[in-house]
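Undergrad: My structure is in upload21.cif, and what it holds is mmCIF, C-alpha atoms:
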data_start
#
loop_
_atom_site.group_PDB
_atom_site.id
_atom_site.type_symbol
_atom_site.label_atom_id
_atom_site.label_comp_id
_atom_site.auth_asym_id
_atom_site.auth_seq_id
_atom_site.Cartn_x
_atom_site.Cartn_y
_atom_site.Cartn_z
ATOM 1 C CA MET A 29 15.432 -237.637 -97.426
ATOM 2 C CA LEU A 30 17.565 -239.801 -95.179
ATOM 3 C CA VAL A 31 15.540 -242.892 -96.130
ATOM 4 C CA ALA A 32 16.043 -242.081 -99.815
ATOM 5 C CA ILE A 33 19.823 -241.864 -99.398
ATOM 6 C CA ILE A 34 20.166 -244.926 -97.173
ATOM 7 C CA THR A 35 18.056 -247.148 -99.414
ATOM 8 C CA GLU A 36 19.898 -245.977 -102.539
ATOM 9 C CA VAL A 37 23.238 -246.820 -100.938
ATOM 10 C CA ALA A 38 21.989 -250.151 -99.587
ATOM 11 C CA GLY A 39 20.452 -251.115 -102.931
ATOM 12 C CA THR A 40 23.641 -250.315 -104.810
ATOM 13 C CA LEU A 41 25.813 -252.231 -102.336
ATOM 14 C CA VAL A 42 23.459 -255.221 -102.549
ATOM 15 C CA MET A 43 23.803 -255.053 -106.340
ATOM 16 C CA LYS A 44 27.553 -255.567 -105.944
ATOM 17 C CA CYS A 45 27.000 -258.495 -103.574
ATOM 18 C CA SER A 46 24.393 -260.041 -105.843
ATOM 19 C CA SER A 47 26.877 -260.254 -108.675
ATOM 20 C CA GLU A 48 28.856 -262.687 -106.530
ATOM 21 C CA TRP A 49 26.238 -264.482 -104.400
ATOM 22 C CA LEU A 50 22.536 -265.257 -104.905
ATOM 23 C CA PRO A 51 21.957 -263.045 -107.946
ATOM 24 C CA ILE A 52 18.148 -263.402 -108.080
ATOM 25 C CA LEU A 53 17.645 -262.588 -104.385
ATOM 26 C CA GLY A 54 20.207 -259.790 -104.503
ATOM 27 C CA LEU A 55 18.648 -258.170 -107.550
ATOM 28 C CA SER A 56 15.183 -258.426 -105.987
ATOM 29 C CA ILE A 57 16.423 -256.660 -102.859
ATOM 30 C CA MET A 58 18.209 -254.067 -104.987
ATOM 31 C CA TYR A 59 15.067 -253.281 -107.001
ATOM 32 C CA PHE A 60 12.979 -253.024 -103.819
ATOM 33 C CA MET A 61 15.504 -250.659 -102.227
ATOM 34 C CA LEU A 62 15.621 -248.454 -105.322
ATOM 35 C CA ILE A 63 11.813 -248.270 -105.439
ATOM 36 C CA VAL A 64 11.775 -247.195 -101.781
ATOM 37 C CA SER A 65 14.580 -244.728 -102.501
ATOM 38 C CA TYR A 66 12.808 -243.055 -105.422
ATOM 39 C CA GLY A 67 9.521 -243.039 -103.509
ATOM 40 C CA SER A 68 11.192 -241.376 -100.534
ATOM 41 C CA LEU A 69 12.867 -238.850 -102.823
ATOM 42 C CA ALA A 70 9.484 -238.026 -104.369
ATOM 43 C CA ILE A 71 8.090 -237.332 -100.894
ATOM 44 C CA ALA A 72 11.149 -235.248 -99.948
ATOM 45 C CA VAL A 73 10.846 -232.915 -102.948
ATOM 46 C CA LYS A 74 7.460 -231.782 -101.655
ATOM 47 C CA ARG A 75 9.321 -229.899 -98.891
ATOM 48 C CA ILE A 76 12.871 -229.533 -100.229
ATOM 49 C CA PRO A 77 13.814 -227.737 -103.468
ATOM 50 C CA LEU A 78 14.364 -230.293 -106.238
ATOM 51 C CA ALA A 79 17.953 -229.249 -106.964
ATOM 52 C CA VAL A 80 18.940 -229.632 -103.306
ATOM 53 C CA ALA A 81 17.064 -232.904 -102.782
ATOM 54 C CA TYR A 82 18.355 -234.559 -105.949
ATOM 55 C CA GLY A 83 21.845 -233.149 -105.426
ATOM 56 C CA ALA A 84 22.009 -234.447 -101.855
ATOM 57 C CA TRP A 85 20.576 -237.828 -102.859
ATOM 58 C CA GLU A 86 23.078 -238.352 -105.655
ATOM 59 C CA SER A 87 26.150 -236.790 -104.082
ATOM 60 C CA LEU A 88 25.796 -238.189 -100.576
ATOM 61 C CA GLY A 89 24.876 -241.539 -102.108
ATOM 62 C CA LEU A 90 28.020 -241.480 -104.238
ATOM 63 C CA VAL A 91 30.212 -240.509 -101.281
ATOM 64 C CA LEU A 92 28.757 -243.256 -99.069
ATOM 65 C CA ILE A 93 28.952 -245.882 -101.820
ATOM 66 C CA SER A 94 32.611 -244.973 -102.423
ATOM 67 C CA LEU A 95 33.452 -245.245 -98.733
ATOM 68 C CA PHE A 96 31.534 -248.475 -98.165
ATOM 69 C CA SER A 97 33.016 -249.991 -101.327
ATOM 70 C CA ALA A 98 36.463 -249.391 -99.892
ATOM 71 C CA LEU A 99 35.473 -250.826 -96.502
ATOM 72 C CA LEU A 100 33.377 -253.788 -97.614
ATOM 73 C CA PHE A 101 34.878 -254.775 -100.953
ATOM 74 C CA SER A 102 38.480 -253.575 -100.528
ATOM 75 C CA GLU A 103 38.160 -251.253 -103.504
ATOM 76 C CA PRO A 104 41.034 -248.761 -103.598
ATOM 77 C CA LEU A 105 40.498 -245.324 -102.088
ATOM 78 C CA ASN A 106 43.462 -243.188 -103.090
ATOM 79 C CA ALA A 107 44.171 -239.479 -102.703
ATOM 80 C CA LEU A 108 42.538 -238.629 -106.030
ATOM 81 C CA LYS A 109 39.289 -240.354 -105.005
ATOM 82 C CA VAL A 110 39.347 -238.640 -101.617
ATOM 83 C CA GLY A 111 39.813 -235.322 -103.437
ATOM 84 C CA GLY A 112 36.835 -236.150 -105.629
ATOM 85 C CA ILE A 113 34.735 -236.942 -102.565
ATOM 86 C CA ALA A 114 35.751 -233.613 -101.028
ATOM 87 C CA ALA A 115 34.823 -231.807 -104.260
ATOM 88 C CA ILE A 116 31.411 -233.513 -104.266
ATOM 89 C CA ILE A 117 30.741 -232.435 -100.688
ATOM 90 C CA ILE A 118 31.856 -228.859 -101.400
ATOM 91 C CA GLY A 119 29.698 -228.779 -104.531
ATOM 92 C CA MET A 120 26.684 -230.007 -102.596
ATOM 93 C CA LEU A 121 27.197 -227.358 -99.920
ATOM 94 C CA LEU A 122 27.532 -224.626 -102.568
ATOM 95 C CA LEU A 123 24.348 -225.824 -104.263
ATOM 96 C CA GLU A 124 22.448 -225.714 -100.974
ATOM 97 C CA VAL A 125 23.755 -222.246 -100.043
ATOM 98 C CA GLY A 126 22.994 -220.931 -103.529
ATOM 99 C CA THR A 127 19.479 -222.349 -103.418
ATOM 100 C CA ASN A 128 18.862 -220.827 -99.988
ATOM 101 C CA GLN A 129 20.124 -217.427 -101.155
ATOM 102 C CA ALA A 130 17.914 -217.548 -104.240
ATOM 103 C CA MET A 131 14.865 -218.449 -102.150
ATOM 104 C CA HIS A 132 15.671 -215.669 -99.674
ATOM 105 C CA SER A 133 16.047 -213.127 -102.510
ATOM 106 C CA LYS A 134 12.751 -214.231 -104.022
ATOM 107 C CA LYS A 135 10.934 -213.780 -100.689
ATOM 108 C CA ASN A 136 12.401 -210.281 -100.281
ATOM 109 C CA LYS A 137 11.124 -209.250 -103.730
ATOM 110 C CA GLU A 138 7.577 -210.342 -102.926
#
What is this file in structure tokens?
TA:
Amino acid sequence: MLVAIITEVAGTLVMKCSSEWLPILGLSIMYFMLIVSYGSLAIAVKRIPLAVAYGAWESLGLVLISLFSALLFSEPLNALKVGGIAAIIIGMLLLEVGTNQAMHSKKNKE
């Protein structure tokens, strides 16, 4: 799962760089990273519920991309964006807790 998130973030950040320098090389790296990311996600969903895996992949990826965009590309990170990042993290945690509760309830019924 960690590989899926890291390669998604790296591929997206490279996409931004490729728009400014070496577009063909940058896009090639981006596509490779996204292939690795989706492949890793496909492996992760064999052991992690799909909603949790996809939710973590997308939400943690978005949070990391937002933070790295501010650090690397000087994109603004204001209070509203920080609030959005906090909401994403809270939503991800609620999704994971809800999924765990549902799985626990299902096991108790069996």
Undergrad: Between CA of Ala98 in chain A and CA of Tyr66 in chain A, what is the distance in Å, rounded to a tenth?
TA: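 About the pair CA of Ala98 in chain A and CA of Tyr66 in chain A: they are 25.1 Å apart.
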Undergrad: Name the residues that the PyMOL selection byres ((chain A and resi 58) around 8) picks from the file above, as a ChimeraX atom specification, using the file's chain letters and numbers.
TA: /A:38-40,42-43,54-57,59-62
Undergrad: The PyMOL selection byres ((chain A and resi 80) around 12) on the file shown: which residues, as a CSV table (one decimal) with C-alpha atoms, in the coordinates of the input?
TA:
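So the final result, stored in selection-v4.csv, reads:
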chain,number,residue,atom,x,y,z
A,29,MET,CA,15.4,-237.6,-97.4
A,69,LEU,CA,12.9,-238.8,-102.8
A,72,ALA,CA,11.1,-235.2,-99.9
A,73,VAL,CA,10.8,-232.9,-102.9
A,74,LYS,CA,7.5,-231.8,-101.7
A,75,ARG,CA,9.3,-229.9,-98.9
A,76,ILE,CA,12.9,-229.5,-100.2
A,77,PRO,CA,13.8,-227.7,-103.5
A,78,LEU,CA,14.4,-230.3,-106.2
A,79,ALA,CA,18.0,-229.2,-107.0
A,81,ALA,CA,17.1,-232.9,-102.8
A,82,TYR,CA,18.4,-234.6,-105.9
A,83,GLY,CA,21.8,-233.1,-105.4
A,84,ALA,CA,22.0,-234.4,-101.9
A,85,TRP,CA,20.6,-237.8,-102.9
A,86,GLU,CA,23.1,-238.4,-105.7
A,87,SER,CA,26.2,-236.8,-104.1
A,88,LEU,CA,25.8,-238.2,-100.6
A,119,GLY,CA,29.7,-228.8,-104.5
A,120,MET,CA,26.7,-230.0,-102.6
A,121,LEU,CA,27.2,-227.4,-99.9
A,122,LEU,CA,27.5,-224.6,-102.6
A,123,LEU,CA,24.3,-225.8,-104.3
A,124,GLU,CA,22.4,-225.7,-101.0
A,125,VAL,CA,23.8,-222.2,-100.0
A,126,GLY,CA,23.0,-220.9,-103.5
A,127,THR,CA,19.5,-222.3,-103.4
A,128,ASN,CA,18.9,-220.8,-100.0
A,131,MET,CA,14.9,-218.4,-102.2
Undergrad: Report, in Å with one decimal, the straight-line distance from CA of Ile71 in chain A to CA of Val31 in chain A.
TA: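 Going from CA of Ile71 in chain A over to CA of Val31 in chain A, I get 10.4 Å.
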Undergrad: Rounded to one decimal, what separation in Å do you get between CA of Leu30 in chain A and CA of Ile117 in chain A?
TA: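 Atom-to-atom, CA of Leu30 in chain A to CA of Ile117 in chain A, that is 16.1 Å.
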Undergrad: Taking all atoms listed in the file into account, name the residue in A:Ala70, A:Ala107, A:Ile116, A:Val64 that is nearest to Leu92 in chain A.
TA: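 Going through A:Ala70, A:Ala107, A:Ile116, A:Val64 one by one, the smallest distance to Leu92 in chain A is for A:Ile116.
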Undergrad: Compare A:Cys45, A:Ile113, A:Ile118, A:Ile52 by their minimum atom-to-atom distance to Gly89 in chain A, counting all atoms listed in the file, and give me the closest one.
TA: A:Ile113
Undergrad: The centre and edge lengths of an axis-aligned box containing all atoms of range 87-97 of chain A present in the file, extended by 5 Å on each side, are to be given in Å to one decimal, as AutoDock Vina command-line options.
TA:
--center_x 29.2 --center_y -243.4 --center_z -101.2 --size_x 18.6 --size_y 23.2 --size_z 16.1
Undergrad: I'd like to know which of A:Ala115, A:Ala130, A:Leu100, A:Val91 is closest to Leu41 in chain A, using only C-alpha atoms.
TA: A:Leu100
Undergrad: Would you mind completing range 43-64 of chain A so that it carries N, CA and C atoms, and writing it out as a PDB file, in the frame of the given file?
TA:
ATOM      1  N   MET A  43      23.577-254.723-104.935  1.00  0.00           N
ATOM      2  CA  MET A  43      23.803-255.053-106.340  1.00  0.00           C
ATOM      3  C   MET A  43      25.205-255.644-106.523  1.00  0.00           C
ATOM      4  N   LYS A  44      26.181-255.048-105.863  1.00  0.00           N
ATOM      5  CA  LYS A  44      27.553-255.567-105.944  1.00  0.00           C
ATOM      6  C   LYS A  44      27.626-256.976-105.363  1.00  0.00           C
ATOM      7  N   CYS A  45      27.004-257.171-104.212  1.00  0.00           N
ATOM      8  CA  CYS A  45      27.000-258.495-103.574  1.00  0.00           C
ATOM      9  C   CYS A  45      26.272-259.520-104.442  1.00  0.00           C
ATOM     10  N   SER A  46      25.191-259.092-105.066  1.00  0.00           N
ATOM     11  CA  SER A  46      24.393-260.041-105.843  1.00  0.00           C
ATOM     12  C   SER A  46      25.131-260.550-107.073  1.00  0.00           C
ATOM     13  N   SER A  47      26.114-259.780-107.522  1.00  0.00           N
ATOM     14  CA  SER A  47      26.877-260.254-108.675  1.00  0.00           C
ATOM     15  C   SER A  47      27.767-261.437-108.286  1.00  0.00           C
ATOM     16  N   GLU A  48      27.997-261.606-106.991  1.00  0.00           N
ATOM     17  CA  GLU A  48      28.856-262.687-106.530  1.00  0.00           C
ATOM     18  C   GLU A  48      28.083-263.817-105.838  1.00  0.00           C
ATOM     19  N   TRP A  49      27.014-263.470-105.122  1.00  0.00           N
ATOM     20  CA  TRP A  49      26.238-264.482-104.400  1.00  0.00           C
ATOM     21  C   TRP A  49      24.755-264.249-104.626  1.00  0.00           C
ATOM     22  N   LEU A  50      23.999-265.295-104.794  1.00  0.00           N
ATOM     23  CA  LEU A  50      22.536-265.257-104.905  1.00  0.00           C
ATOM     24  C   LEU A  50      22.020-264.123-105.789  1.00  0.00           C
ATOM     25  N   PRO A  51      22.303-264.170-107.078  1.00  0.00           N
ATOM     26  CA  PRO A  51      21.957-263.045-107.946  1.00  0.00           C
ATOM     27  C   PRO A  51      20.459-262.701-107.980  1.00  0.00           C
ATOM     28  N   ILE A  52      19.586-263.694-107.985  1.00  0.00           N
ATOM     29  CA  ILE A  52      18.148-263.402-108.080  1.00  0.00           C
ATOM     30  C   ILE A  52      17.663-262.695-106.809  1.00  0.00           C
ATOM     31  N   LEU A  53      18.035-263.212-105.646  1.00  0.00           N
ATOM     32  CA  LEU A  53      17.645-262.588-104.385  1.00  0.00           C
ATOM     33  C   LEU A  53      18.259-261.194-104.268  1.00  0.00           C
ATOM     34  N   GLY A  54      19.522-261.082-104.592  1.00  0.00           N
ATOM     35  CA  GLY A  54      20.207-259.790-104.503  1.00  0.00           C
ATOM     36  C   GLY A  54      19.580-258.744-105.404  1.00  0.00           C
ATOM     37  N   LEU A  55      19.273-259.118-106.631  1.00  0.00           N
ATOM     38  CA  LEU A  55      18.648-258.170-107.550  1.00  0.00           C
ATOM     39  C   LEU A  55      17.248-257.782-107.082  1.00  0.00           C
ATOM     40  N   SER A  56      16.522-258.735-106.508  1.00  0.00           N
ATOM     41  CA  SER A  56      15.183-258.426-105.987  1.00  0.00           C
ATOM     42  C   SER A  56      15.273-257.411-104.848  1.00  0.00           C
ATOM     43  N   ILE A  57      16.227-257.607-103.958  1.00  0.00           N
ATOM     44  CA  ILE A  57      16.423-256.660-102.859  1.00  0.00           C
ATOM     45  C   ILE A  57      16.848-255.299-103.403  1.00  0.00           C
ATOM     46  N   MET A  58      17.752-255.309-104.388  1.00  0.00           N
ATOM     47  CA  MET A  58      18.209-254.067-104.987  1.00  0.00           C
ATOM     48  C   MET A  58      17.043-253.285-105.584  1.00  0.00           C
ATOM     49  N   TYR A  59      16.208-253.958-106.383  1.00  0.00           N
ATOM     50  CA  TYR A  59      15.067-253.281-107.001  1.00  0.00           C
ATOM     51  C   TYR A  59      14.110-252.730-105.948  1.00  0.00           C
ATOM     52  N   PHE A  60      13.853-253.494-104.895  1.00  0.00           N
ATOM     53  CA  PHE A  60      12.979-253.024-103.819  1.00  0.00           C
ATOM     54  C   PHE A  60      13.557-251.773-103.170  1.00  0.00           C
ATOM     55  N   MET A  61      14.857-251.805-102.864  1.00  0.00           N
ATOM     56  CA  MET A  61      15.504-250.659-102.227  1.00  0.00           C
ATOM     57  C   MET A  61      15.452-249.417-103.122  1.00  0.00           C
ATOM     58  N   LEU A  62      15.657-249.602-104.411  1.00  0.00           N
ATOM     59  CA  LEU A  62      15.621-248.454-105.322  1.00  0.00           C
ATOM     60  C   LEU A  62      14.209-247.889-105.459  1.00  0.00           C
ATOM     61  N   ILE A  63      13.203-248.746-105.418  1.00  0.00           N
ATOM     62  CA  ILE A  63      11.813-248.270-105.439  1.00  0.00           C
ATOM     63  C   ILE A  63      11.531-247.436-104.188  1.00  0.00           C
ATOM     64  N   VAL A  64      11.957-247.945-103.032  1.00  0.00           N
ATOM     65  CA  VAL A  64      11.775-247.195-101.781  1.00  0.00           C
ATOM     66  C   VAL A  64      12.546-245.878-101.849  1.00  0.00           C
TER      67      VAL A  64
END
